[in-house]
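K.L.:
Got protein-v7.cif for you, mmCIF, C-alpha atoms:
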```cif
data_run
#
loop_
_atom_site.label_atom_id
_atom_site.label_comp_id
_atom_site.auth_asym_id
_atom_site.auth_seq_id
_atom_site.Cartn_x
_atom_site.Cartn_y
_atom_site.Cartn_z
CA MET L 64 0.00 0.00 0.00
CA ARG L 65 1.37 3.40 -0.97
CA GLU L 66 2.07 5.71 1.96
CA PRO L 67 0.30 9.09 1.95
CA PHE L 68 2.36 11.98 0.68
CA VAL L 69 3.48 14.34 3.43
CA TYR L 70 4.99 17.64 2.33
CA SER L 71 7.16 20.02 4.30
CA THR L 72 7.33 23.81 4.37
CA ARG L 73 10.66 23.54 2.59
CA LEU L 74 9.06 21.57 -0.22
CA ARG L 75 6.27 24.13 -0.58
CA LEU L 76 8.82 26.96 -0.72
CA ALA L 77 10.71 25.04 -3.36
CA GLY L 78 7.47 24.77 -5.33
CA LEU L 79 6.89 28.51 -5.08
CA ALA L 80 10.46 29.12 -6.28
CA LEU L 81 9.77 26.78 -9.19
CA HIS L 82 6.71 28.80 -10.19
CA ALA L 83 8.82 31.96 -10.06
CA TYR L 84 11.35 30.20 -12.29
CA THR L 85 8.59 29.48 -14.81
CA ALA L 86 7.22 33.02 -14.54
CA SER L 87 10.67 34.44 -15.38
CA GLY L 88 9.86 33.45 -18.95
CA THR L 89 7.52 36.45 -19.14
CA VAL L 90 10.49 38.71 -18.42
CA LEU L 91 12.49 36.94 -21.11
CA ALA L 92 9.64 37.56 -23.54
CA LEU L 93 9.82 41.27 -22.75
CA LEU L 94 13.58 41.26 -23.27
CA ILE L 95 13.16 39.43 -26.59
CA VAL L 96 10.75 42.12 -27.76
CA ILE L 97 13.17 44.86 -26.64
CA ALA L 98 16.06 43.16 -28.47
CA ALA L 99 13.88 42.85 -31.57
CA ILE L 100 12.97 46.54 -31.46
CA ASP L 101 16.67 47.35 -31.01
CA GLY L 102 17.37 45.39 -34.18
CA ASP L 103 19.51 42.78 -32.39
CA ALA L 104 18.12 39.48 -33.64
CA VAL L 105 20.99 37.42 -32.26
CA ARG L 106 20.43 38.76 -28.75
CA ALA L 107 16.74 38.02 -29.10
CA LEU L 108 17.53 34.43 -30.11
CA TRP L 109 19.88 33.96 -27.15
CA LEU L 110 17.06 35.05 -24.88
CA GLY L 111 14.79 32.66 -26.75
CA LEU L 112 17.23 29.85 -25.99
CA ALA L 113 17.05 30.71 -22.29
CA ALA L 114 13.25 30.57 -22.52
CA LEU L 115 13.47 27.18 -24.21
CA TRP L 116 15.67 25.86 -21.42
CA ILE L 117 13.29 27.07 -18.72
CA ASP L 118 10.29 25.58 -20.49
CA GLY L 119 12.11 22.29 -21.02
CA THR L 120 13.14 21.90 -17.38
CA ASP L 121 10.42 23.44 -15.22
CA GLY L 122 7.91 20.67 -15.86
CA MET L 123 10.29 17.92 -14.80
CA ILE L 124 11.20 19.84 -11.66
CA ALA L 125 7.52 20.52 -10.92
CA ARG L 126 6.70 16.82 -11.08
CA ARG L 127 9.63 15.97 -8.84
CA LEU L 128 8.55 18.60 -6.28
CA ARG L 129 4.89 17.50 -6.64
CA VAL L 130 3.75 21.11 -6.79
CA LYS L 131 0.15 20.14 -7.62
CA GLU L 132 -0.05 18.60 -4.17
CA THR L 133 2.00 21.12 -2.19
CA ILE L 134 0.45 24.22 -3.82
CA PRO L 135 -2.99 23.04 -5.01
CA TRP L 136 -4.41 26.57 -5.17
CA PHE L 137 -1.99 27.69 -7.89
CA ASP L 138 -2.52 26.67 -11.52
CA GLY L 139 0.97 25.98 -12.82
CA ALA L 140 -0.39 24.76 -16.16
CA MET L 141 -2.11 28.11 -16.72
CA LEU L 142 1.14 29.93 -15.93
CA ASP L 143 3.03 27.67 -18.32
CA ASN L 144 0.57 28.42 -21.13
CA ILE L 145 0.85 32.18 -20.57
CA VAL L 146 4.64 32.03 -20.66
CA ASP L 147 4.68 29.73 -23.68
CA TYR L 148 2.36 31.98 -25.66
CA LEU L 149 4.56 34.99 -24.98
CA THR L 150 7.90 33.29 -25.65
CA TYR L 151 6.88 30.80 -28.35
CA ALA L 152 4.39 32.92 -30.29
CA PHE L 153 4.14 36.62 -29.51
CA ALA L 154 7.81 37.58 -29.04
CA PRO L 155 9.09 35.58 -32.08
CA ILE L 156 6.49 37.18 -34.35
CA VAL L 157 7.53 40.61 -33.07
CA LEU L 158 11.11 39.66 -33.97
CA LEU L 159 10.10 38.70 -37.50
CA TRP L 160 8.05 41.88 -37.91
CA THR L 161 10.59 44.36 -36.59
CA GLY L 162 13.48 42.64 -38.37
CA ASN L 163 11.80 43.08 -41.77
CA TYR L 164 11.63 39.33 -42.29
CA LEU L 165 7.99 39.70 -43.34
CA PRO L 166 6.63 41.45 -46.44
CA HIS L 167 5.72 45.09 -46.05
CA GLY L 168 2.17 46.38 -45.94
CA TRP L 169 -1.10 44.61 -45.22
CA TYR L 170 0.19 41.25 -46.51
CA GLY L 171 2.95 41.18 -43.90
CA ALA L 172 0.50 42.21 -41.19
CA VAL L 173 -1.81 39.33 -42.09
CA LEU L 174 1.10 36.89 -42.04
CA ALA L 175 2.09 38.15 -38.59
CA ALA L 176 -1.48 37.79 -37.36
CA LEU L 177 -2.00 34.21 -38.56
CA PRO L 178 0.39 32.50 -36.10
CA LEU L 179 -0.92 34.61 -33.21
CA LEU L 180 -4.54 33.74 -33.98
CA ALA L 181 -3.79 30.06 -34.59
CA SER L 182 -1.82 29.82 -31.36
CA SER L 183 -4.58 31.61 -29.43
CA TYR L 184 -6.91 28.85 -30.58
CA GLN L 185 -4.47 26.07 -29.79
CA PHE L 186 -3.56 27.27 -26.31
CA CYS L 187 -7.26 27.26 -25.39
CA ARG L 188 -7.89 23.70 -26.54
CA VAL L 189 -8.32 21.30 -23.63
CA ASP L 190 -6.72 18.54 -25.72
CA ALA L 191 -3.76 20.59 -26.96
CA LYS L 192 -1.65 18.30 -24.77
CA THR L 193 -3.01 14.78 -25.00
CA ASP L 194 -3.33 12.31 -22.14
CA ASP L 195 -0.52 10.23 -23.63
CA HIS L 196 1.75 13.28 -23.68
CA PHE L 197 1.74 14.57 -27.24
CA PHE L 198 0.98 17.99 -28.69
CA LEU L 199 -2.09 17.89 -30.93
CA GLY L 200 -1.48 19.98 -34.02
CA PHE L 201 1.64 22.01 -34.78
CA PRO L 202 2.75 23.04 -31.27
CA SER L 203 3.26 26.78 -31.90
CA TYR L 204 7.02 26.52 -32.30
CA TRP L 205 7.17 30.00 -33.79
CA ASN L 206 10.37 30.61 -31.84
CA VAL L 207 11.95 27.78 -33.82
CA VAL L 208 10.58 29.22 -37.06
CA ALA L 209 12.02 32.64 -36.21
CA PHE L 210 15.36 31.05 -35.36
CA TYR L 211 15.72 29.44 -38.77
CA VAL L 212 14.44 32.49 -40.62
CA VAL L 213 17.23 34.52 -39.02
CA ILE L 214 19.99 31.89 -39.15
CA LEU L 215 19.31 30.89 -42.75
CA GLY L 216 18.53 34.43 -43.86
CA LEU L 217 15.27 33.35 -45.47
CA GLY L 218 13.53 35.78 -47.77
CA HIS L 219 10.00 37.09 -47.57
CA THR L 220 8.50 34.41 -49.79
CA ALA L 221 10.01 31.46 -47.92
CA THR L 222 9.10 32.98 -44.56
CA ALA L 223 5.54 33.65 -45.70
CA LEU L 224 5.10 30.06 -46.90
CA ILE L 225 6.43 28.62 -43.64
CA LEU L 226 4.14 30.82 -41.52
CA LEU L 227 1.13 29.97 -43.67
CA ILE L 228 1.77 26.21 -43.70
CA CYS L 229 2.53 25.99 -39.97
CA SER L 230 -0.56 28.06 -39.14
CA ILE L 231 -2.67 25.54 -41.06
CA LEU L 232 -0.91 22.62 -39.38
CA VAL L 233 -2.05 23.91 -35.98
CA PHE L 234 -5.54 22.65 -36.98
CA VAL L 235 -4.39 19.32 -38.44
CA PRO L 236 -4.68 16.57 -35.77
CA VAL L 237 -1.16 15.19 -35.98
CA LYS L 238 0.31 14.18 -32.63
CA TYR L 239 3.68 15.89 -32.23
CA VAL L 240 6.26 14.50 -29.85
CA TYR L 241 6.54 16.18 -26.45
CA PRO L 242 10.32 15.63 -26.07
CA SER L 243 10.45 15.51 -22.27
CA ARG L 244 7.24 13.49 -21.74
CA THR L 245 6.33 11.30 -24.72
CA LYS L 246 7.17 7.75 -23.61
CA ALA L 247 8.03 6.35 -27.03
CA PHE L 248 11.76 6.74 -27.76
CA ARG L 249 12.02 9.10 -24.77
CA SER L 250 15.76 8.63 -24.19
CA MET L 251 16.50 9.26 -27.86
CA ASN L 252 14.18 12.27 -27.90
CA LEU L 253 15.91 13.84 -24.92
CA LEU L 254 19.37 13.18 -26.36
CA THR L 255 18.57 14.58 -29.80
CA THR L 256 16.85 17.59 -28.28
CA LEU L 257 19.95 18.38 -26.22
CA VAL L 258 22.09 18.07 -29.37
CA TRP L 259 19.71 20.47 -31.14
CA LEU L 260 19.92 22.99 -28.28
CA ALA L 261 23.71 22.77 -28.41
CA ALA L 262 23.64 23.33 -32.19
CA TYR L 263 21.32 26.31 -31.63
CA ALA L 264 23.88 27.89 -29.30
CA VAL L 265 26.82 27.14 -31.60
CA LEU L 266 25.05 28.67 -34.60
CA LEU L 267 24.38 31.86 -32.66
CA THR L 268 28.06 32.16 -31.76
CA GLN L 269 28.91 31.78 -35.45
CA MET L 270 26.58 34.50 -36.71
CA PRO L 271 26.55 36.08 -39.22
CA ASN L 272 28.35 33.16 -40.92
CA PRO L 273 26.96 29.93 -39.45
CA ASN L 274 28.74 26.70 -40.31
CA SER L 275 26.90 24.57 -42.87
CA ILE L 276 27.68 21.33 -41.00
CA VAL L 277 26.16 22.65 -37.78
CA ILE L 278 23.14 23.84 -39.76
CA ALA L 279 22.77 20.34 -41.24
CA ILE L 280 22.93 18.77 -37.77
CA SER L 281 20.33 21.21 -36.53
CA LEU L 282 17.98 20.59 -39.47
CA ALA L 283 18.43 16.82 -39.12
CA TYR L 284 16.74 17.09 -35.74
CA LEU L 285 13.70 18.73 -37.32
CA VAL L 286 13.49 15.88 -39.84
CA TYR L 287 13.76 13.33 -37.03
CA TYR L 288 11.13 15.12 -34.94
CA ALA L 289 8.65 15.42 -37.81
CA ALA L 290 9.20 11.84 -39.02
CA LEU L 291 8.78 10.39 -35.53
CA SER L 292 5.65 12.44 -34.90
CA LEU L 293 4.09 11.22 -38.16
CA TYR L 294 5.12 7.64 -37.42
CA LEU L 295 3.64 7.66 -33.92
CA THR L 296 0.44 9.30 -35.21
CA PHE L 297 -0.30 7.14 -38.24
CA VAL L 298 1.87 3.98 -38.30
CA SER L 299 2.39 2.90 -34.71
CA PRO L 300 -1.34 2.91 -33.71
CA ARG L 301 -2.17 0.66 -36.69
CA ARG L 302 0.48 -1.85 -35.68
CA THR L 303 -0.85 -1.86 -32.11
CA LYS L 304 -4.41 -2.53 -33.34
CA ALA L 305 -3.16 -5.29 -35.65
CA VAL L 306 -1.50 -7.06 -32.73
#
```
So, in terms of structure tokens, how does the structure I just supplied come out?

P.N.:
Amino acid sequence: MREPFVYSTRLRLAGLALHAYTASGTVLALLIVIAAIDGDAVRALWLGLAALWIDGTDGMIARRLRVKETIPWFDGAMLDNIVDYLTYAFAPIVLLWTGNYLPHGWYGAVLAALPLLASSYQFCRVDAKTDDHFFLGFPSYWNVVAFYVVILGLGHTATALILLICSILVFVPVKYVYPSRTKAFRSMNLLTTLVWLAAYAVLLTQMPNPNSIVIAISLAYLVYYAALSLYLTFVSPRRTKAV
């Protein structure tokens, strides 16, 4: 029989500190916007990397500290969604807009609005994160889109196509891997994600002339992530039913 969980004041304080750690992402979002307005895309992307690290680690720490039990009156999931919307959607789109990576005029404004509107819808879906720990629909990785637009120096047409396609994919019910939580291939997912984060940092240090090999390694992760997500959505369930 499992013993009842007994928490200490120290554990509750640790949980509160963890929530503050998560909330610091809102400050990073502000700093990303400021860097974007200043015209410093590389600085904005470094701040985006810090936001990625916080988002990738706070959930694991929260589960270890059992914050849902020690601080039941505080909705950590709501806080996480607020921070993610600011750092994954709003701030990256500001970066693309202020950096002239989008077409000028009404067309560019529409393109900037599409990801924000699509993400607003997705973040309000109760099944945006499935019970088996996947993201349903393109998981608003606009920070990743902005990263590659800047690193690869993509033009207006390529950027517009990516924003349009990814905005549509938000509504397509593909189950995307949640790197830190999806059980299938979890060790490999964590390892490849860490390699991608390292490549992200290396590419920023190499700007404005990023190394093509590091770019290839970075893009290989995207191929792996997309292929695995499609496999686990469409192929793996069929095999399970067949068995």

K.L.:
Find the spatial neighbours of Gly102 (chain L), counting all atoms listed in the file, within a cut-off of 12 Å - ignore same-chain residues fewer than 5 positions away - and output them as a list in words.

P.N.:
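Listing them by chain and then by number gives Ile95, Val96, Ile97, Ala107, Leu108, Val157, Leu158, Leu159, Trp160, Thr161, Gly162, Asn163, Tyr164 and Val213 of chain L.
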
K.L.:
Please compute the CA of Leu128 (chain L)-CA of Arg75 (chain L) distance, one decimal, in Å.

P.N.:
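One can read the CA of Leu128 (chain L) to CA of Arg75 (chain L) distance as 8.3 Å.
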
K.L.:
Can you list, as a list in words, the residues that the PyMOL selection byres ((chain L and resi 195) around 12) selects here?

P.N.:
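On this input, the PyMOL selection byres ((chain L and resi 195) around 12) captures Asp190, Ala191, Lys192, Thr193, Asp194, His196, Phe197, Phe198, Leu199, Lys238, Tyr239, Val240, Tyr241, Arg244, Thr245, Lys246, Ala247, Leu295 and Thr296 of chain L.
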
K.L.:
Under the rule that only C-alpha atoms are counted, which of L:Leu285, L:Leu267, L:Ala83, L:Leu93 is the nearest residue to Val105 (chain L)?

P.N.:
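Nearest to Val105 (chain L): L:Leu267.
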
K.L.:
Which residues, written as a list in words, have at least one atom at most 8 Å from Asp143 (chain L), with all atoms listed in the file counted and residues fewer than 2 positions away on the same chain left out?

P.N.:
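After dropping sequence-adjacent residues, the list is Thr85, Ala86, Asp118, Gly139, Ala140, Met141, Ile145, Val146 and Asp147 of chain L.
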
K.L.:
CA of Tyr148 (chain L) and CA of Val277 (chain L) are how many Å apart?

P.N.:
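Computed distance, CA of Tyr148 (chain L) to CA of Val277 (chain L), equals 28.3 Å.
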
K.L.:
Which distance in Å separates CA of Thr268 (chain L) and CA of Arg106 (chain L), to one decimal?

P.N.:
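For CA of Thr268 (chain L) relative to CA of Arg106 (chain L), the distance reads 10.5 Å.
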
K.L.:
Run the PyMOL selection byres ((chain L and resi 150) around 10) on the file and write out the hits as an NGL selection string.

P.N.:
:L and (88-93 or 95-96 or 110-112 or 114-115 or 118 or 144-149 or 151-156 or 204-206)

K.L.:
Carefully work through the PyMOL selection byres ((chain L and resi 263) around 10) for this structure and note down the residues it includes, as a PDB file with C-alpha atoms, in the frame of the given file.

P.N.:
```pdb
ATOM      1  CA  LEU L 108      17.530  34.430 -30.110  1.00  0.00           C
ATOM      2  CA  TRP L 109      19.880  33.960 -27.150  1.00  0.00           C
ATOM      3  CA  LEU L 112      17.230  29.850 -25.990  1.00  0.00           C
ATOM      4  CA  VAL L 207      11.950  27.780 -33.820  1.00  0.00           C
ATOM      5  CA  PHE L 210      15.360  31.050 -35.360  1.00  0.00           C
ATOM      6  CA  TYR L 211      15.720  29.440 -38.770  1.00  0.00           C
ATOM      7  CA  ILE L 214      19.990  31.890 -39.150  1.00  0.00           C
ATOM      8  CA  LEU L 257      19.950  18.380 -26.220  1.00  0.00           C
ATOM      9  CA  VAL L 258      22.090  18.070 -29.370  1.00  0.00           C
ATOM     10  CA  TRP L 259      19.710  20.470 -31.140  1.00  0.00           C
ATOM     11  CA  LEU L 260      19.920  22.990 -28.280  1.00  0.00           C
ATOM     12  CA  ALA L 261      23.710  22.770 -28.410  1.00  0.00           C
ATOM     13  CA  ALA L 262      23.640  23.330 -32.190  1.00  0.00           C
ATOM     14  CA  ALA L 264      23.880  27.890 -29.300  1.00  0.00           C
ATOM     15  CA  VAL L 265      26.820  27.140 -31.600  1.00  0.00           C
ATOM     16  CA  LEU L 266      25.050  28.670 -34.600  1.00  0.00           C
ATOM     17  CA  LEU L 267      24.380  31.860 -32.660  1.00  0.00           C
ATOM     18  CA  THR L 268      28.060  32.160 -31.760  1.00  0.00           C
ATOM     19  CA  VAL L 277      26.160  22.650 -37.780  1.00  0.00           C
ATOM     20  CA  ILE L 278      23.140  23.840 -39.760  1.00  0.00           C
ATOM     21  CA  ILE L 280      22.930  18.770 -37.770  1.00  0.00           C
ATOM     22  CA  SER L 281      20.330  21.210 -36.530  1.00  0.00           C
TER      23      SER L 281
END
```

K.L.:
Which residue, L:Ala80, L:Ile231, L:Ala209, L:Leu226, has the smallest gap to Tyr184 (chain L) when you use only C-alpha atoms?

P.N.:
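Checking each candidate against Tyr184 (chain L), we get L:Ile231 as the closest.
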
K.L.:
So, with only C-alpha atoms as the atoms that count, which of L:Ile100, L:Leu224, L:Leu165, L:Ala77 lies closest to Ala125 (chain L)?

P.N.:
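For Ala125 (chain L), the nearest of the given residues is L:Ala77.
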
K.L.:
Taking the block above, write region 165-204 of chain L with N, CA and C atoms as a PDB file, in the first residue's frame.

P.N.:
```
ATOM      1  N   LEU L 165       9.306  39.871 -42.746  1.00  0.00           N
ATOM      2  CA  LEU L 165       7.988  39.696 -43.336  1.00  0.00           C
ATOM      3  C   LEU L 165       7.778  40.745 -44.423  1.00  0.00           C
ATOM      4  N   PRO L 166       6.920  40.456 -45.390  1.00  0.00           N
ATOM      5  CA  PRO L 166       6.632  41.446 -46.445  1.00  0.00           C
ATOM      6  C   PRO L 166       6.062  42.726 -45.844  1.00  0.00           C
ATOM      7  N   HIS L 167       6.238  43.813 -46.525  1.00  0.00           N
ATOM      8  CA  HIS L 167       5.717  45.093 -46.048  1.00  0.00           C
ATOM      9  C   HIS L 167       4.220  45.209 -46.365  1.00  0.00           C
ATOM     10  N   GLY L 168       3.566  46.098 -45.664  1.00  0.00           N
ATOM     11  CA  GLY L 168       2.166  46.380 -45.944  1.00  0.00           C
ATOM     12  C   GLY L 168       1.207  45.398 -45.305  1.00  0.00           C
ATOM     13  N   TRP L 169      -0.029  45.407 -45.820  1.00  0.00           N
ATOM     14  CA  TRP L 169      -1.104  44.609 -45.219  1.00  0.00           C
ATOM     15  C   TRP L 169      -0.819  43.114 -45.288  1.00  0.00           C
ATOM     16  N   TYR L 170      -0.116  42.674 -46.346  1.00  0.00           N
ATOM     17  CA  TYR L 170       0.186  41.251 -46.510  1.00  0.00           C
ATOM     18  C   TYR L 170       1.060  40.751 -45.358  1.00  0.00           C
ATOM     19  N   GLY L 171       2.078  41.545 -45.010  1.00  0.00           N
ATOM     20  CA  GLY L 171       2.946  41.176 -43.904  1.00  0.00           C
ATOM     21  C   GLY L 171       2.200  41.180 -42.583  1.00  0.00           C
ATOM     22  N   ALA L 172       1.284  42.137 -42.420  1.00  0.00           N
ATOM     23  CA  ALA L 172       0.499  42.211 -41.187  1.00  0.00           C
ATOM     24  C   ALA L 172      -0.394  40.983 -41.031  1.00  0.00           C
ATOM     25  N   VAL L 173      -0.971  40.534 -42.133  1.00  0.00           N
ATOM     26  CA  VAL L 173      -1.811  39.333 -42.091  1.00  0.00           C
ATOM     27  C   VAL L 173      -0.972  38.109 -41.727  1.00  0.00           C
ATOM     28  N   LEU L 174       0.206  38.022 -42.339  1.00  0.00           N
ATOM     29  CA  LEU L 174       1.097  36.895 -42.041  1.00  0.00           C
ATOM     30  C   LEU L 174       1.520  36.885 -40.574  1.00  0.00           C
ATOM     31  N   ALA L 175       1.722  38.063 -40.003  1.00  0.00           N
ATOM     32  CA  ALA L 175       2.090  38.151 -38.588  1.00  0.00           C
ATOM     33  C   ALA L 175       0.916  37.760 -37.702  1.00  0.00           C
ATOM     34  N   ALA L 176      -0.291  38.080 -38.159  1.00  0.00           N
ATOM     35  CA  ALA L 176      -1.484  37.793 -37.355  1.00  0.00           C
ATOM     36  C   ALA L 176      -1.832  36.308 -37.343  1.00  0.00           C
ATOM     37  N   LEU L 177      -1.590  35.607 -38.448  1.00  0.00           N
ATOM     38  CA  LEU L 177      -1.999  34.211 -38.557  1.00  0.00           C
ATOM     39  C   LEU L 177      -1.447  33.322 -37.447  1.00  0.00           C
ATOM     40  N   PRO L 178      -0.134  33.340 -37.186  1.00  0.00           N
ATOM     41  CA  PRO L 178       0.386  32.500 -36.099  1.00  0.00           C
ATOM     42  C   PRO L 178      -0.190  32.875 -34.739  1.00  0.00           C
ATOM     43  N   LEU L 179      -0.391  34.167 -34.505  1.00  0.00           N
ATOM     44  CA  LEU L 179      -0.919  34.606 -33.212  1.00  0.00           C
ATOM     45  C   LEU L 179      -2.350  34.109 -33.023  1.00  0.00           C
ATOM     46  N   LEU L 180      -3.153  34.200 -34.067  1.00  0.00           N
ATOM     47  CA  LEU L 180      -4.540  33.739 -33.980  1.00  0.00           C
ATOM     48  C   LEU L 180      -4.602  32.221 -33.857  1.00  0.00           C
ATOM     49  N   ALA L 181      -3.797  31.522 -34.650  1.00  0.00           N
ATOM     50  CA  ALA L 181      -3.787  30.056 -34.589  1.00  0.00           C
ATOM     51  C   ALA L 181      -3.334  29.571 -33.219  1.00  0.00           C
ATOM     52  N   SER L 182      -2.324  30.217 -32.671  1.00  0.00           N
ATOM     53  CA  SER L 182      -1.819  29.820 -31.359  1.00  0.00           C
ATOM     54  C   SER L 182      -2.817  30.161 -30.248  1.00  0.00           C
ATOM     55  N   SER L 183      -3.543  31.263 -30.410  1.00  0.00           N
ATOM     56  CA  SER L 183      -4.578  31.609 -29.430  1.00  0.00           C
ATOM     57  C   SER L 183      -5.619  30.498 -29.361  1.00  0.00           C
ATOM     58  N   TYR L 184      -5.971  29.968 -30.525  1.00  0.00           N
ATOM     59  CA  TYR L 184      -6.909  28.850 -30.578  1.00  0.00           C
ATOM     60  C   TYR L 184      -6.314  27.618 -29.910  1.00  0.00           C
ATOM     61  N   GLN L 185      -5.075  27.308 -30.284  1.00  0.00           N
ATOM     62  CA  GLN L 185      -4.470  26.075 -29.786  1.00  0.00           C
ATOM     63  C   GLN L 185      -4.272  26.088 -28.273  1.00  0.00           C
ATOM     64  N   PHE L 186      -3.826  27.207 -27.737  1.00  0.00           N
ATOM     65  CA  PHE L 186      -3.564  27.267 -26.307  1.00  0.00           C
ATOM     66  C   PHE L 186      -4.840  27.169 -25.474  1.00  0.00           C
ATOM     67  N   CYS L 187      -5.987  27.367 -26.111  1.00  0.00           N
ATOM     68  CA  CYS L 187      -7.263  27.263 -25.394  1.00  0.00           C
ATOM     69  C   CYS L 187      -7.926  25.900 -25.565  1.00  0.00           C
ATOM     70  N   ARG L 188      -7.336  25.040 -26.365  1.00  0.00           N
ATOM     71  CA  ARG L 188      -7.886  23.696 -26.535  1.00  0.00           C
ATOM     72  C   ARG L 188      -7.557  22.837 -25.328  1.00  0.00           C
ATOM     73  N   VAL L 189      -8.554  22.150 -24.809  1.00  0.00           N
ATOM     74  CA  VAL L 189      -8.316  21.304 -23.633  1.00  0.00           C
ATOM     75  C   VAL L 189      -7.498  20.070 -23.999  1.00  0.00           C
ATOM     76  N   ASP L 190      -7.478  19.711 -25.288  1.00  0.00           N
ATOM     77  CA  ASP L 190      -6.721  18.542 -25.721  1.00  0.00           C
ATOM     78  C   ASP L 190      -5.450  18.925 -26.474  1.00  0.00           C
ATOM     79  N   ALA L 191      -4.994  20.166 -26.292  1.00  0.00           N
ATOM     80  CA  ALA L 191      -3.759  20.590 -26.963  1.00  0.00           C
ATOM     81  C   ALA L 191      -2.583  19.721 -26.531  1.00  0.00           C
ATOM     82  N   LYS L 192      -2.612  19.291 -25.269  1.00  0.00           N
ATOM     83  CA  LYS L 192      -1.654  18.303 -24.771  1.00  0.00           C
ATOM     84  C   LYS L 192      -2.465  17.057 -24.436  1.00  0.00           C
ATOM     85  N   THR L 193      -2.207  15.978 -25.149  1.00  0.00           N
ATOM     86  CA  THR L 193      -3.014  14.775 -25.004  1.00  0.00           C
ATOM     87  C   THR L 193      -2.671  14.017 -23.724  1.00  0.00           C
ATOM     88  N   ASP L 194      -3.543  13.090 -23.359  1.00  0.00           N
ATOM     89  CA  ASP L 194      -3.333  12.310 -22.137  1.00  0.00           C
ATOM     90  C   ASP L 194      -2.103  11.423 -22.239  1.00  0.00           C
ATOM     91  N   ASP L 195      -1.724  11.046 -23.462  1.00  0.00           N
ATOM     92  CA  ASP L 195      -0.521  10.226 -23.632  1.00  0.00           C
ATOM     93  C   ASP L 195       0.701  11.075 -23.959  1.00  0.00           C
ATOM     94  N   HIS L 196       0.604  12.364 -23.642  1.00  0.00           N
ATOM     95  CA  HIS L 196       1.752  13.280 -23.681  1.00  0.00           C
ATOM     96  C   HIS L 196       2.287  13.554 -25.092  1.00  0.00           C
ATOM     97  N   PHE L 197       1.384  14.041 -25.933  1.00  0.00           N
ATOM     98  CA  PHE L 197       1.744  14.572 -27.239  1.00  0.00           C
ATOM     99  C   PHE L 197       1.125  15.963 -27.360  1.00  0.00           C
ATOM    100  N   PHE L 198       1.632  16.739 -28.306  1.00  0.00           N
ATOM    101  CA  PHE L 198       0.976  17.987 -28.693  1.00  0.00           C
ATOM    102  C   PHE L 198       0.064  17.672 -29.873  1.00  0.00           C
ATOM    103  N   LEU L 199      -1.170  18.137 -29.834  1.00  0.00           N
ATOM    104  CA  LEU L 199      -2.089  17.894 -30.929  1.00  0.00           C
ATOM    105  C   LEU L 199      -2.094  19.098 -31.866  1.00  0.00           C
ATOM    106  N   GLY L 200      -1.650  18.884 -33.091  1.00  0.00           N
ATOM    107  CA  GLY L 200      -1.477  19.984 -34.023  1.00  0.00           C
ATOM    108  C   GLY L 200      -0.105  20.616 -33.852  1.00  0.00           C
ATOM    109  N   PHE L 201       0.334  21.344 -34.860  1.00  0.00           N
ATOM    110  CA  PHE L 201       1.639  22.005 -34.778  1.00  0.00           C
ATOM    111  C   PHE L 201       1.728  22.792 -33.478  1.00  0.00           C
ATOM    112  N   PRO L 202       2.713  22.491 -32.631  1.00  0.00           N
ATOM    113  CA  PRO L 202       2.746  23.042 -31.270  1.00  0.00           C
ATOM    114  C   PRO L 202       3.298  24.462 -31.126  1.00  0.00           C
ATOM    115  N   SER L 203       2.920  25.347 -32.021  1.00  0.00           N
ATOM    116  CA  SER L 203       3.257  26.778 -31.896  1.00  0.00           C
ATOM    117  C   SER L 203       4.741  27.023 -31.665  1.00  0.00           C
ATOM    118  N   TYR L 204       5.575  26.314 -32.403  1.00  0.00           N
ATOM    119  CA  TYR L 204       7.021  26.520 -32.300  1.00  0.00           C
ATOM    120  C   TYR L 204       7.448  27.693 -33.174  1.00  0.00           C
TER     121      TYR L 204
END
```
